[in-house]
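Source file: my_file-v5.txt (compact mmCIF, C-alpha atoms and all ligand atoms)
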```
# COMPACT_ATOMS: atom_id res chain seq x y z
CA MET A 249 -70.96 169.83 158.33
CA THR A 250 -72.86 169.32 155.10
CA SER A 251 -71.39 166.87 152.63
CA LEU A 252 -68.08 168.35 151.81
CA LEU A 253 -67.30 166.34 148.76
CA ALA A 254 -70.73 167.02 147.29
CA ALA A 255 -69.78 170.69 147.38
CA PHE A 256 -66.20 170.11 146.27
CA PRO A 257 -66.10 166.87 144.30
CA PRO A 258 -62.64 165.47 143.60
CA GLN A 259 -61.49 166.69 140.23
CA GLN A 260 -59.47 164.81 137.73
CA PRO A 261 -55.97 166.26 137.93
CA GLN A 262 -55.98 169.94 137.08
CA LEU A 263 -52.73 170.81 135.45
CA GLN A 264 -53.09 174.56 135.43
CA GLU A 265 -51.62 175.01 138.87
CA SER A 266 -48.10 176.23 139.40
CA VAL A 267 -45.73 174.62 141.83
CA ARG A 268 -43.18 176.60 143.78
CA LEU A 269 -39.80 174.98 143.94
CA ASN A 270 -36.90 176.67 145.67
CA SER A 271 -37.11 180.26 144.45
CA TYR A 272 -38.79 179.35 141.19
CA VAL A 273 -42.31 178.79 140.05
CA LEU A 274 -42.87 175.80 137.82
CA ARG A 275 -45.73 176.36 135.43
CA PRO A 276 -47.17 173.58 133.35
CA THR A 277 -47.21 174.73 129.77
CA ALA A 278 -50.30 174.24 127.66
CA GLY A 279 -52.07 172.65 130.60
CA ARG A 280 -50.06 169.47 130.40
CA ASP A 281 -48.48 167.34 133.05
CA LEU A 282 -46.11 168.91 135.51
CA ILE A 283 -43.70 166.11 135.65
CA CYS A 284 -41.60 165.78 132.52
CA ARG A 285 -39.79 168.05 130.18
CA GLN A 286 -39.21 165.92 127.15
CA ARG A 287 -41.21 163.79 124.82
CA SER A 288 -40.85 160.25 125.96
CA ALA A 289 -40.28 157.57 123.39
CA ARG A 290 -43.14 155.53 124.75
CA SER A 291 -45.51 158.35 125.61
CA LYS A 292 -47.84 160.01 123.15
CA SER A 293 -48.06 163.19 125.18
CA THR A 294 -45.46 165.93 125.21
CA LEU A 295 -44.91 167.00 128.76
CA SER A 296 -43.36 170.29 129.53
CA LEU A 297 -42.22 172.53 132.36
CA ARG A 298 -41.34 176.18 132.40
CA VAL A 299 -39.29 177.80 135.15
CA GLN A 300 -40.02 181.35 136.19
CA PRO A 301 -38.17 183.25 138.90
CA LEU A 302 -40.40 184.55 141.67
CA SER A 303 -38.97 188.03 141.13
CA ALA A 304 -37.68 189.30 137.84
CA SER A 305 -34.14 190.73 138.10
CA LYS A 306 -31.50 190.01 135.45
CA GLN A 307 -29.65 187.76 137.84
CA ASP A 308 -32.89 185.87 138.49
CA ALA A 309 -33.37 185.40 134.77
CA ALA A 310 -29.87 183.94 134.45
CA GLU A 311 -30.47 181.70 137.45
CA ALA A 312 -33.81 180.67 136.03
CA ALA A 313 -32.13 179.64 132.80
CA ALA A 314 -29.61 177.58 134.75
CA ALA A 315 -32.39 176.05 136.82
CA GLN A 316 -34.28 175.27 133.62
CA ASP A 317 -31.25 173.40 132.30
CA ARG A 318 -30.97 171.41 135.49
CA LEU A 319 -34.67 170.62 135.39
CA THR A 320 -34.50 169.60 131.77
CA ALA A 321 -31.76 167.14 132.61
CA ASP A 322 -33.42 165.90 135.83
CA PHE A 323 -36.91 165.54 134.44
CA GLY A 324 -35.78 164.24 131.09
CA ALA A 325 -33.79 161.49 132.73
CA LEU A 326 -36.61 160.66 135.07
CA SER A 327 -39.48 160.80 132.61
CA ASP A 328 -39.14 157.39 130.98
CA LYS A 329 -38.40 155.68 134.26
CA ILE A 330 -41.38 157.31 135.95
CA GLU A 331 -43.84 156.48 133.21
CA GLU A 332 -42.87 152.84 133.17
CA LEU A 333 -42.94 152.55 136.92
CA ALA A 334 -46.21 154.49 137.25
CA ALA A 335 -48.01 152.11 134.92
CA GLU A 336 -46.88 149.15 137.02
CA VAL A 337 -47.72 150.83 140.33
CA LYS A 338 -51.13 151.91 139.07
CA GLU A 339 -52.00 148.39 138.06
CA ASN A 340 -50.85 147.01 141.41
CA LEU A 341 -52.66 149.67 143.43
CA GLN A 342 -56.00 148.65 141.92
CA GLY A 343 -57.56 151.93 142.93
CA THR A 344 -56.22 152.09 146.48
CA SER A 345 -55.88 155.71 147.60
CA LEU A 346 -52.62 157.15 148.89
CA TYR A 347 -52.57 159.28 152.03
CA LEU A 348 -49.49 161.48 152.35
CA VAL A 349 -48.47 162.30 155.90
CA GLY A 350 -45.49 164.22 157.26
CA MET A 351 -44.45 167.42 158.94
CA MET A 352 -45.35 170.88 157.70
CA GLY A 353 -43.34 171.67 154.61
CA SER A 354 -42.47 168.05 153.83
CA GLY A 355 -44.01 168.54 150.39
CA LYS A 356 -47.25 166.58 150.80
CA SER A 357 -49.16 169.00 148.55
CA THR A 358 -46.37 169.47 146.01
CA VAL A 359 -45.49 165.79 145.71
CA GLY A 360 -49.17 164.83 145.97
CA LYS A 361 -50.05 166.91 142.90
CA ILE A 362 -47.22 165.34 140.97
CA LEU A 363 -48.31 161.83 141.97
CA GLY A 364 -51.88 162.73 141.04
CA ASN A 365 -50.72 163.77 137.61
CA ILE A 366 -48.58 160.70 137.12
CA LEU A 367 -51.16 158.17 138.29
CA LYS A 368 -54.14 160.17 136.97
CA TYR A 369 -55.65 160.12 140.44
CA PRO A 370 -57.57 163.15 141.71
CA PHE A 371 -55.62 165.15 144.27
CA LEU A 372 -57.31 166.15 147.53
CA ASP A 373 -55.82 168.41 150.16
CA THR A 374 -57.46 168.22 153.60
CA ASP A 375 -56.27 171.72 154.58
CA GLY A 376 -57.67 173.14 151.34
CA LEU A 377 -60.99 171.37 151.85
CA ILE A 378 -61.22 172.67 155.42
CA GLU A 379 -60.56 176.21 154.23
CA SER A 380 -63.10 175.99 151.41
CA THR A 381 -65.75 174.59 153.72
CA ALA A 382 -65.13 176.87 156.68
CA LYS A 383 -64.53 179.80 154.31
CA MET A 384 -61.66 180.74 156.59
CA SER A 385 -57.92 180.31 156.40
CA ILE A 386 -56.24 177.69 158.62
CA LYS A 387 -54.53 180.57 160.36
CA ASP A 388 -57.89 182.20 161.22
CA ILE A 389 -59.47 178.91 162.31
CA PHE A 390 -56.60 178.42 164.75
CA ALA A 391 -56.79 182.03 165.96
CA GLU A 392 -60.59 182.25 166.29
CA ASP A 393 -61.73 178.73 167.15
CA GLY A 394 -58.55 177.09 168.43
CA GLU A 395 -56.59 174.02 167.43
CA ALA A 396 -59.12 171.53 168.85
CA SER A 397 -61.80 172.87 166.54
CA PHE A 398 -59.43 172.62 163.57
CA ARG A 399 -58.66 169.00 164.48
CA GLU A 400 -62.37 168.16 164.50
CA LEU A 401 -62.78 169.61 161.03
CA GLU A 402 -59.75 167.65 159.90
CA THR A 403 -61.32 164.38 161.06
CA GLN A 404 -64.63 165.26 159.41
CA VAL A 405 -62.86 165.89 156.15
CA LEU A 406 -61.04 162.56 156.38
CA GLN A 407 -64.36 160.84 157.07
CA GLU A 408 -65.80 162.38 153.92
CA ILE A 409 -62.82 161.38 151.83
CA MET A 410 -62.59 157.80 153.11
CA PRO A 411 -65.26 156.23 150.84
CA PHE A 412 -63.49 157.47 147.70
CA HIS A 413 -60.94 155.28 146.00
CA SER A 414 -58.15 156.21 143.58
CA CYS A 415 -57.27 159.50 145.26
CA ILE A 416 -54.07 161.14 146.39
CA VAL A 417 -54.79 162.77 149.74
CA SER A 418 -52.46 165.34 151.25
CA THR A 419 -53.15 165.53 154.99
CA GLY A 420 -52.19 168.20 157.52
CA GLY A 421 -48.99 167.57 159.48
CA GLY A 422 -50.91 166.84 162.70
CA ALA A 423 -53.47 164.42 161.24
CA VAL A 424 -51.47 161.44 162.51
CA LEU A 425 -52.04 162.45 166.12
CA LYS A 426 -55.61 161.12 166.32
CA ARG A 427 -56.27 157.40 166.42
CA GLU A 428 -59.61 157.94 164.67
CA ASN A 429 -57.81 159.47 161.70
CA TRP A 430 -55.69 156.34 161.36
CA GLY A 431 -58.83 154.22 161.17
CA LEU A 432 -59.87 156.36 158.21
CA MET A 433 -56.51 156.65 156.47
CA GLN A 434 -55.85 152.93 156.64
CA HIS A 435 -58.45 152.41 153.96
CA GLY A 436 -55.61 153.52 151.73
CA ILE A 437 -51.82 153.29 151.82
CA VAL A 438 -50.21 155.78 154.19
CA VAL A 439 -46.97 157.31 152.92
CA TRP A 440 -44.71 159.32 155.24
CA LEU A 441 -42.56 162.01 153.65
CA SER A 442 -39.85 162.27 156.23
CA GLY A 443 -37.28 165.05 156.39
CA ASP A 444 -34.95 166.70 158.86
CA PRO A 445 -36.24 169.80 160.70
CA THR A 446 -33.43 171.92 159.19
CA LEU A 447 -34.66 171.09 155.69
CA LEU A 448 -38.29 171.72 156.65
CA ALA A 449 -37.36 175.00 158.33
CA ALA A 450 -35.49 176.19 155.25
CA ARG A 451 -38.64 175.61 153.18
CA ALA A 452 -40.94 177.17 155.78
CA MET A 453 -38.72 180.28 155.87
CA ARG A 454 -39.09 180.69 152.14
CA ASP A 455 -42.85 180.52 152.48
CA ASP A 456 -44.85 182.78 154.72
CA LEU A 457 -44.13 181.56 158.26
CA SER A 458 -47.27 183.21 159.58
CA SER A 459 -49.48 181.02 157.36
CA ARG A 460 -48.51 178.06 159.56
CA PRO A 461 -49.96 178.84 162.95
CA LEU A 462 -47.84 176.30 164.78
CA LEU A 463 -44.66 177.91 163.48
CA ALA A 464 -45.65 181.55 163.85
CA ARG A 465 -43.39 183.10 166.48
CA GLN A 466 -45.91 185.10 168.44
CA GLN A 467 -48.11 182.04 168.98
CA GLN A 468 -47.50 179.73 171.91
CA SER A 469 -48.00 176.10 171.03
CA GLN A 470 -51.39 174.57 171.85
CA PRO A 471 -51.33 172.12 174.77
CA SER A 472 -51.87 169.00 172.66
CA THR A 473 -49.22 169.81 170.14
CA ALA A 474 -45.75 170.01 171.59
CA THR A 475 -43.77 169.22 174.66
CA SER A 476 -41.36 172.00 175.37
CA THR A 477 -37.69 171.09 175.35
CA PRO A 478 -35.95 174.46 175.51
CA ASP A 479 -32.49 173.06 175.96
CA GLN A 480 -32.76 170.98 172.86
CA GLU A 481 -29.76 171.26 170.57
CA LEU A 482 -30.35 172.40 167.04
CA SER A 483 -29.51 169.99 164.27
CA SER A 484 -26.05 170.45 162.93
CA ALA A 485 -26.99 171.31 159.32
CA PRO A 486 -26.14 174.94 158.56
CA ALA A 487 -28.84 177.51 157.87
CA PRO A 488 -29.37 178.23 154.17
CA GLU A 489 -27.15 181.14 153.17
CA PRO A 490 -27.33 184.06 152.98
CA LEU A 491 -29.64 184.82 155.90
CA ARG A 492 -30.03 188.25 157.48
CA PRO A 493 -29.48 188.28 161.30
CA GLU A 494 -33.22 188.54 162.01
CA GLU A 495 -33.87 185.70 159.54
CA LYS A 496 -31.23 183.59 161.27
CA ASP A 497 -33.08 184.03 164.52
CA ASP A 498 -36.37 183.03 162.89
CA TYR A 499 -34.68 180.08 161.25
CA GLU A 500 -33.28 178.80 164.53
CA HIS A 501 -36.61 179.21 166.25
CA THR A 502 -38.35 177.36 163.41
CA VAL A 503 -35.87 174.47 163.49
CA GLN A 504 -36.34 174.16 167.24
CA LYS A 505 -40.13 174.25 166.97
CA LEU A 506 -40.12 171.64 164.23
CA GLN A 507 -37.79 169.43 166.24
CA GLN A 508 -40.15 169.56 169.21
CA LEU A 509 -43.13 168.68 167.05
CA LEU A 510 -41.27 165.90 165.27
CA GLU A 511 -40.20 164.34 168.56
CA GLU A 512 -43.81 164.20 169.63
CA ARG A 513 -45.08 162.91 166.30
CA GLN A 514 -42.33 160.60 165.13
CA GLN A 515 -43.86 157.53 166.76
CA HIS A 516 -47.17 158.26 165.01
CA TYR A 517 -45.63 158.84 161.59
CA ALA A 518 -43.74 155.58 162.03
CA PHE A 519 -47.03 153.67 161.72
CA SER A 520 -47.14 154.58 158.02
CA ASP A 521 -46.98 151.84 155.42
CA LEU A 522 -44.13 153.52 153.60
CA HIS A 523 -41.34 155.89 154.71
CA VAL A 524 -39.87 158.11 152.01
CA PRO A 525 -36.83 160.26 152.83
CA LEU A 526 -36.67 163.81 151.48
CA GLU A 527 -32.96 164.40 151.73
CA GLY A 528 -31.05 165.53 148.67
CA GLU A 529 -27.37 165.85 147.89
CA GLY A 530 -25.14 168.71 146.74
CA LYS A 531 -27.23 171.61 145.49
CA ASP A 532 -30.32 169.96 146.96
CA SER A 533 -28.94 169.56 150.48
CA HIS A 534 -30.72 172.64 151.90
CA PHE A 535 -34.19 172.19 150.45
CA GLY A 536 -34.18 168.45 149.82
CA ALA A 537 -34.38 166.33 146.69
CA PRO A 538 -36.56 167.86 143.93
CA ALA A 539 -40.25 167.06 144.22
CA ALA A 540 -40.18 164.87 141.10
CA VAL A 541 -37.41 162.81 142.63
CA VAL A 542 -39.43 162.40 145.83
CA ALA A 543 -42.43 161.33 143.73
CA TYR A 544 -40.19 158.79 142.03
CA ARG A 545 -39.02 157.52 145.43
CA VAL A 546 -42.67 157.12 146.47
CA LEU A 547 -43.44 155.07 143.36
CA CYS A 548 -40.36 152.87 143.84
CA GLY A 549 -41.22 152.33 147.51
CA LEU A 550 -44.83 151.48 146.69
CA ASN A 551 -43.86 149.02 144.04
CA GLN A 552 -41.38 147.29 146.30
CA ARG A 553 -43.88 147.18 149.16
CA ILE A 554 -46.72 145.85 147.01
CA LYS A 555 -44.44 143.10 145.64
CA GLN A 556 -43.21 142.18 149.13
CA ASP A 557 -46.78 141.95 150.43
CA ALA A 558 -47.85 139.80 147.48
CA ALA A 559 -44.86 137.49 148.03
CA SER A 560 -45.60 137.05 151.72
CA ARG A 561 -49.30 136.38 150.98
CA GLU A 562 -48.23 133.74 148.49
CA GLN A 563 -45.89 132.19 151.02
CA MET A 564 -48.70 131.97 153.57
CA ARG A 565 -50.97 130.23 151.08
CA ASN A 566 -48.37 127.60 150.15
CA PHE A 567 -47.46 126.15 153.51
CA GLU A 568 -47.18 122.49 154.47
CA ILE A 569 -47.20 121.01 157.94
CA LYS A 570 -44.11 119.00 158.66
CA SER A 571 -43.59 116.65 161.57
CA SER A 572 -40.98 118.01 163.93
CA GLY A 573 -40.39 114.75 165.82
CA ASP A 574 -42.40 112.72 168.31
CA ILE A 575 -45.61 114.08 169.74
CA PRO A 576 -45.28 114.82 173.49
CA ALA A 577 -46.63 112.07 175.76
CA THR A 578 -49.07 114.51 177.35
CA MET A 579 -50.88 114.97 174.04
CA ARG A 580 -53.78 112.60 173.16
CA VAL A 581 -53.99 111.61 169.58
CA GLN A 582 -57.32 110.87 167.95
CA GLN A 583 -56.97 108.53 165.01
CA ALA A 584 -58.88 109.35 161.88
CA PRO A 585 -61.75 106.81 161.30
CA ALA A 586 -60.09 105.38 158.19
CA GLN A 587 -56.99 104.52 160.23
CA GLN A 588 -58.83 102.87 163.11
CA PRO A 589 -58.26 99.14 163.24
CA GLN A 590 -61.00 96.97 161.81
CA LYS A 591 -61.58 95.32 165.20
CA GLN A 592 -62.49 98.59 166.91
CA LYS A 593 -64.98 99.41 164.14
CA GLN A 594 -66.70 96.05 164.55
CA GLN A 595 -66.91 96.51 168.33
CA ARG A 596 -68.63 99.88 167.84
CA LYS A 597 -71.12 98.39 165.37
CA SER A 598 -72.08 95.56 167.73
CA ARG A 599 -72.49 98.05 170.66
CA LYS A 600 -74.91 100.05 168.51
CA ARG A 601 -76.95 96.94 167.61
CA SER A 602 -77.32 95.87 171.27
N1 LIG A 701 -38.86 168.62 146.92
C1 LIG A 701 -38.90 169.93 147.17
N2 LIG A 701 -37.80 170.69 147.03
C2 LIG A 701 -37.84 172.00 147.33
N3 LIG A 701 -38.93 172.65 147.79
C3 LIG A 701 -40.04 171.92 147.95
C4 LIG A 701 -40.10 170.53 147.64
N4 LIG A 701 -41.35 170.08 147.91
C5 LIG A 701 -42.04 171.14 148.37
N5 LIG A 701 -41.27 172.24 148.38
C6 LIG A 701 -41.65 173.58 148.81
O1 LIG A 701 -41.80 173.51 150.25
C7 LIG A 701 -42.92 174.27 150.65
C8 LIG A 701 -43.91 173.36 151.36
O2 LIG A 701 -44.40 172.41 150.44
P1 LIG A 701 -45.85 171.83 150.57
O3 LIG A 701 -46.06 170.91 149.43
O4 LIG A 701 -46.84 172.92 150.77
O5 LIG A 701 -45.71 171.00 151.92
P2 LIG A 701 -46.82 170.43 152.89
O6 LIG A 701 -48.07 170.25 152.07
O7 LIG A 701 -46.27 169.14 153.36
O8 LIG A 701 -46.96 171.42 153.99
C9 LIG A 701 -43.49 174.91 149.38
O9 LIG A 701 -42.92 176.18 149.25
C10 LIG A 701 -42.99 174.00 148.28
O10 LIG A 701 -42.81 174.68 147.06
O1 LIG A 702 -48.53 170.16 161.60
C1 LIG A 702 -49.65 170.62 161.90
O2 LIG A 702 -50.21 170.39 162.98
C2 LIG A 702 -50.37 171.45 160.89
C3 LIG A 702 -49.96 171.41 159.60
C4 LIG A 702 -50.60 172.22 158.55
O3 LIG A 702 -50.62 171.50 157.30
P1 LIG A 702 -49.31 171.21 156.40
O4 LIG A 702 -48.61 170.04 157.01
O5 LIG A 702 -49.87 170.88 155.06
O6 LIG A 702 -48.49 172.45 156.40
C5 LIG A 702 -52.02 172.56 158.92
O7 LIG A 702 -52.82 171.42 158.89
C6 LIG A 702 -52.08 173.18 160.27
O8 LIG A 702 -51.36 174.38 160.23
C7 LIG A 702 -51.52 172.26 161.35
```

Transcribe the structure of this file into structure tokens.
Amino acid sequence: MTSLLAAFPPQQPQLQESVRLNSYVLRPTAGRDLICRQRSARSKSTLSLRVQPLSASKQDAAEAAAAQDRLTADFGALSDKIEELAAEVKENLQGTSLYLVGMMGSGKSTVGKILGNILKYPFLDTDGLIESTAKMSIKDIFAEDGEASFRELETQVLQEIMPFHSCIVSTGGGAVLKRENWGLMQHGIVVWLSGDPTLLAARAMRDDLSSRPLLARQQQSQPSTATSTPDQELSSAPAPEPLRPEEKDDYEHTVQKLQQLLEERQQHYAFSDLHVPLEGEGKDSHFGAPAAVVAYRVLCGLNQRIKQDAASREQMRNFEIKSSGDIPATMRVQQAPAQQPQKQKQQRKSRKRS
């Protein structure tokens, strides 16, 4: 593969992109940051979000207005906190890149873009880079060349990204499976966005299931990817309502598939430096906490972790050796020259002379 990043150099955060959230599209207005709705007292920039329903019925418009109100409140409340925290985290990170790992649909791309905007780090998406380089969709790479070939490309992309600092990297859900990939990702901080399969399935159902080859129904899983556990019980969380009967079937299949994959991958994800839960409460219980809230959780977790690490480094530097009683009889003790009795020194000198 020719140099990937020469062809697609990491960009400073591009704010033109929309983000899909539940059934709404969030569009940054006037090309500004995605994250906040209101002018912050401390910030010079006005940050703004606009909510648009994916379809345009009257009911959608009313819902969009309600969603906008909720967002205004959520983002407004978060904005000051995030800005303050982001400045501290950025200083502590000192250019270390963040690698986001987690299952399909955990929000690595969505949250990654937000973090990129907050920290002013370029955002890189390994799946996107693979598609741009191969000039094929992930789905077609899986179908035509197989999963093994996709995994090779994934590692090559991670190799190309590794020398860059100050990036937010969204990885594919299966990147954690290869030891070699860990060697590359550990040049940065690895953050696991961890969510229940029911939540992930609800999101995947809203998207196009067929765009994720490992979830597409007609496709059998590749040998390296999942161990089949047909009797597995589905998680107890209810399917998002209302679902048509055929959707319910798809939903249950997707939950089961995700559960199988998660069981196989959990131990790998657990190696991450930071675990960030996706779960949300109340209105957010089906699809998880809003992406901005997850981004905030990532920043809090990072800050806490960086402080803990600094404290334990400090502790290791400031140790003193204390005597814990008598030295065992079996241990020979060599006295330092300064402590050796004068007589012994004189004996040595006279031996040397003779
Ligand atoms: N916090 C969130 N709440 C609700 N939906 C979300 C959230 N984060 C992501 N999504 C949606 O879930 C789907 C998958 O998100 P994406 O960022 O592509 O995940 P990944 O990159 O991990 O596969 C997208 O439709 C996205 O809009
Ligand atoms: O979990 C996986 O093995 C995969 C996840 C996908 O990425 P996302 O996690 O971004 O959906 C993509 O890399 C490919 O379909 C395989």

One-decimal distance in Å that lies between atom C4 of ligand LIG 701 (chain A) and atom CA of Ala382 of chain A
27.4 Å

Interface rows for chain A against ligand LIG 701 (chain A): nearest pair, Å to one decimal, 8 Å, all atoms listed in the file, as CSV:
```
residue,atom,partner,partner_atom,distance
A:Val267,CA,A:LIG701,O10,6.0
A:Arg268,CA,A:LIG701,O10,3.8
A:Leu269,CA,A:LIG701,O10,4.3
A:Asn270,CA,A:LIG701,N3,5.0
A:Val349,CA,A:LIG701,O7,7.6
A:Gly350,CA,A:LIG701,O7,6.3
A:Met351,CA,A:LIG701,O7,6.1
A:Met352,CA,A:LIG701,O8,4.1
A:Gly353,CA,A:LIG701,O5,3.6
A:Ser354,CA,A:LIG701,O7,4.0
A:Gly355,CA,A:LIG701,O3,3.3
A:Lys356,CA,A:LIG701,O7,3.8
A:Ser357,CA,A:LIG701,O3,3.7
A:Thr358,CA,A:LIG701,O3,3.7
A:Val359,CA,A:LIG701,O3,6.4
A:Gly360,CA,A:LIG701,O3,7.7
A:Ser418,CA,A:LIG701,O6,6.6
A:Thr419,CA,A:LIG701,O6,7.5
A:Gly420,CA,A:LIG701,O8,7.1
A:Gly421,CA,A:LIG701,O7,6.9
A:Leu448,CA,A:LIG701,O1,7.5
A:Arg451,CA,A:LIG701,O1,4.8
A:Ala452,CA,A:LIG701,C7,6.2
A:Arg454,CA,A:LIG701,O9,6.6
A:Asp455,CA,A:LIG701,O9,5.4
A:Leu526,CA,A:LIG701,N1,7.0
A:Asp532,CA,A:LIG701,N2,7.5
A:Phe535,CA,A:LIG701,C2,4.8
A:Gly536,CA,A:LIG701,N2,5.1
A:Ala537,CA,A:LIG701,N1,5.0
A:Pro538,CA,A:LIG701,N1,3.8
A:Ala539,CA,A:LIG701,N1,3.4
A:Ala540,CA,A:LIG701,N1,7.0
A:Val541,CA,A:LIG701,N1,7.4
A:Val542,CA,A:LIG701,N1,6.3
```

How would the residues just chosen look if you wrote them out with C-alpha atoms as a CSV table (one decimal), in the coordinates of the input?
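Wrote selection.csv, looks like this:
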```csv
chain,number,residue,atom,x,y,z
A,267,VAL,CA,-45.7,174.6,141.8
A,268,ARG,CA,-43.2,176.6,143.8
A,269,LEU,CA,-39.8,175.0,143.9
A,270,ASN,CA,-36.9,176.7,145.7
A,349,VAL,CA,-48.5,162.3,155.9
A,350,GLY,CA,-45.5,164.2,157.3
A,351,MET,CA,-44.4,167.4,158.9
A,352,MET,CA,-45.4,170.9,157.7
A,353,GLY,CA,-43.3,171.7,154.6
A,354,SER,CA,-42.5,168.0,153.8
A,355,GLY,CA,-44.0,168.5,150.4
A,356,LYS,CA,-47.2,166.6,150.8
A,357,SER,CA,-49.2,169.0,148.6
A,358,THR,CA,-46.4,169.5,146.0
A,359,VAL,CA,-45.5,165.8,145.7
A,360,GLY,CA,-49.2,164.8,146.0
A,418,SER,CA,-52.5,165.3,151.2
A,419,THR,CA,-53.2,165.5,155.0
A,420,GLY,CA,-52.2,168.2,157.5
A,421,GLY,CA,-49.0,167.6,159.5
A,448,LEU,CA,-38.3,171.7,156.6
A,451,ARG,CA,-38.6,175.6,153.2
A,452,ALA,CA,-40.9,177.2,155.8
A,454,ARG,CA,-39.1,180.7,152.1
A,455,ASP,CA,-42.8,180.5,152.5
A,526,LEU,CA,-36.7,163.8,151.5
A,532,ASP,CA,-30.3,170.0,147.0
A,535,PHE,CA,-34.2,172.2,150.4
A,536,GLY,CA,-34.2,168.4,149.8
A,537,ALA,CA,-34.4,166.3,146.7
A,538,PRO,CA,-36.6,167.9,143.9
A,539,ALA,CA,-40.2,167.1,144.2
A,540,ALA,CA,-40.2,164.9,141.1
A,541,VAL,CA,-37.4,162.8,142.6
A,542,VAL,CA,-39.4,162.4,145.8
```

Between A:Ile330, A:Leu509, A:Ile575, A:Ala543, smallest distance to ligand LIG 702 (chain A) by only C-alpha atoms and all ligand atoms belongs to A:Leu509

List the neighbours of Val424 of chain A out to 7 Å using only C-alpha atoms; skip same-chain residues closer than 5 positions along the sequence, and give me the result as a ChimeraX atom specification.
/A:429-430,516-517

May I have the protein, DNA and RNA residues with an atom at most 8 Å from (-40.9, 158.7, 148.8), counting all atoms listed in the file in the file's coordinates, returned as a ChimeraX atom specification?
/A:439-441,522-526,542-549

Rounded to one decimal in Å, what is the spacing between atom CA of Lys531 of chain A and atom CA of Asp497 of chain A?
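It comes out at 23.5 Å.
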
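Using only C-alpha atoms and all ligand atoms for every distance, the candidate list A:Lys505, A:Lys383, A:Arg492, A:Arg427 yields A:Lys505 as the residue closest to ligand LIG 702 (chain A).
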
Nearest candidate to Gln552 of chain A (options A:Asp521, A:Glu512, A:Glu331, A:Glu500; using all atoms listed in the file):
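Among the listed residues, the smallest separation from Gln552 of chain A belongs to A:Asp521.
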
So what do you get for atom C4 of ligand LIG 702 (chain A) versus atom CA of Leu341 of chain A, distance-wise?
27.2 Å

Between A:Ser345, A:Pro370, A:Leu506, A:Leu447, which residue has the minimum interatomic distance to ligand LIG 702 (chain A), considering all atoms listed in the file?
A:Leu506

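In terms of minimum interatomic distance to ligand LIG 702 (chain A), A:Ser459 ranks closest within A:Ser459, A:Gln594, A:Ser380, A:Gln342, counting all atoms listed in the file.
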
Point out the residue among A:Gln514, A:Thr344, A:Ser414, A:Gln556 with the least atom-to-atom distance to Leu372 of chain A, counting only C-alpha atoms.
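Answer, going by the shortest atom-to-atom distance: A:Ser414.
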
Contacts of Leu367 of chain A at 10 Å (all atoms listed in the file; same-chain gap of 5+ positions) as a list of chain:residue names
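Skipping anything fewer than 5 positions along the chain leaves A:Pro261, A:Glu331, A:Ala334, A:Ala335, A:Val337, A:Lys338, A:Glu339, A:Lys361, A:Ile362, A:Ser414, A:Cys415, A:Ile416, A:Leu547.
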
Write the residues you've just listed into a file as a CSV table (one decimal), in the coordinates of the input, and include C-alpha atoms for each of them.
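In the end it all went to selection-v5.csv:
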```csv
chain,number,residue,atom,x,y,z
A,261,PRO,CA,-56.0,166.3,137.9
A,331,GLU,CA,-43.8,156.5,133.2
A,334,ALA,CA,-46.2,154.5,137.2
A,335,ALA,CA,-48.0,152.1,134.9
A,337,VAL,CA,-47.7,150.8,140.3
A,338,LYS,CA,-51.1,151.9,139.1
A,339,GLU,CA,-52.0,148.4,138.1
A,361,LYS,CA,-50.0,166.9,142.9
A,362,ILE,CA,-47.2,165.3,141.0
A,414,SER,CA,-58.2,156.2,143.6
A,415,CYS,CA,-57.3,159.5,145.3
A,416,ILE,CA,-54.1,161.1,146.4
A,547,LEU,CA,-43.4,155.1,143.4
```

Identify, on the basis of all atoms listed in the file, every residue whose closest approach to Met453 of chain A does not exceed 9 Å; exclude the query and any residue fewer than 5 positions from it along the same chain; express the result as a list in words.
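Counting only the stated atoms, we get Leu448, Glu495, Asp498, Tyr499 and Thr502 of chain A.
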
Please determine an axis-aligned box that encloses all atoms of ligand LIG 702 (chain A) listed in the file, with 5 Å added on each side, and express its centre and edge lengths in Å to one decimal as lines of an AutoDock Vina configuration file.
```
center_x = -50.7
center_y = 172.2
center_z = 159.0
size_x = 14.3
size_y = 14.3
size_z = 17.9
```
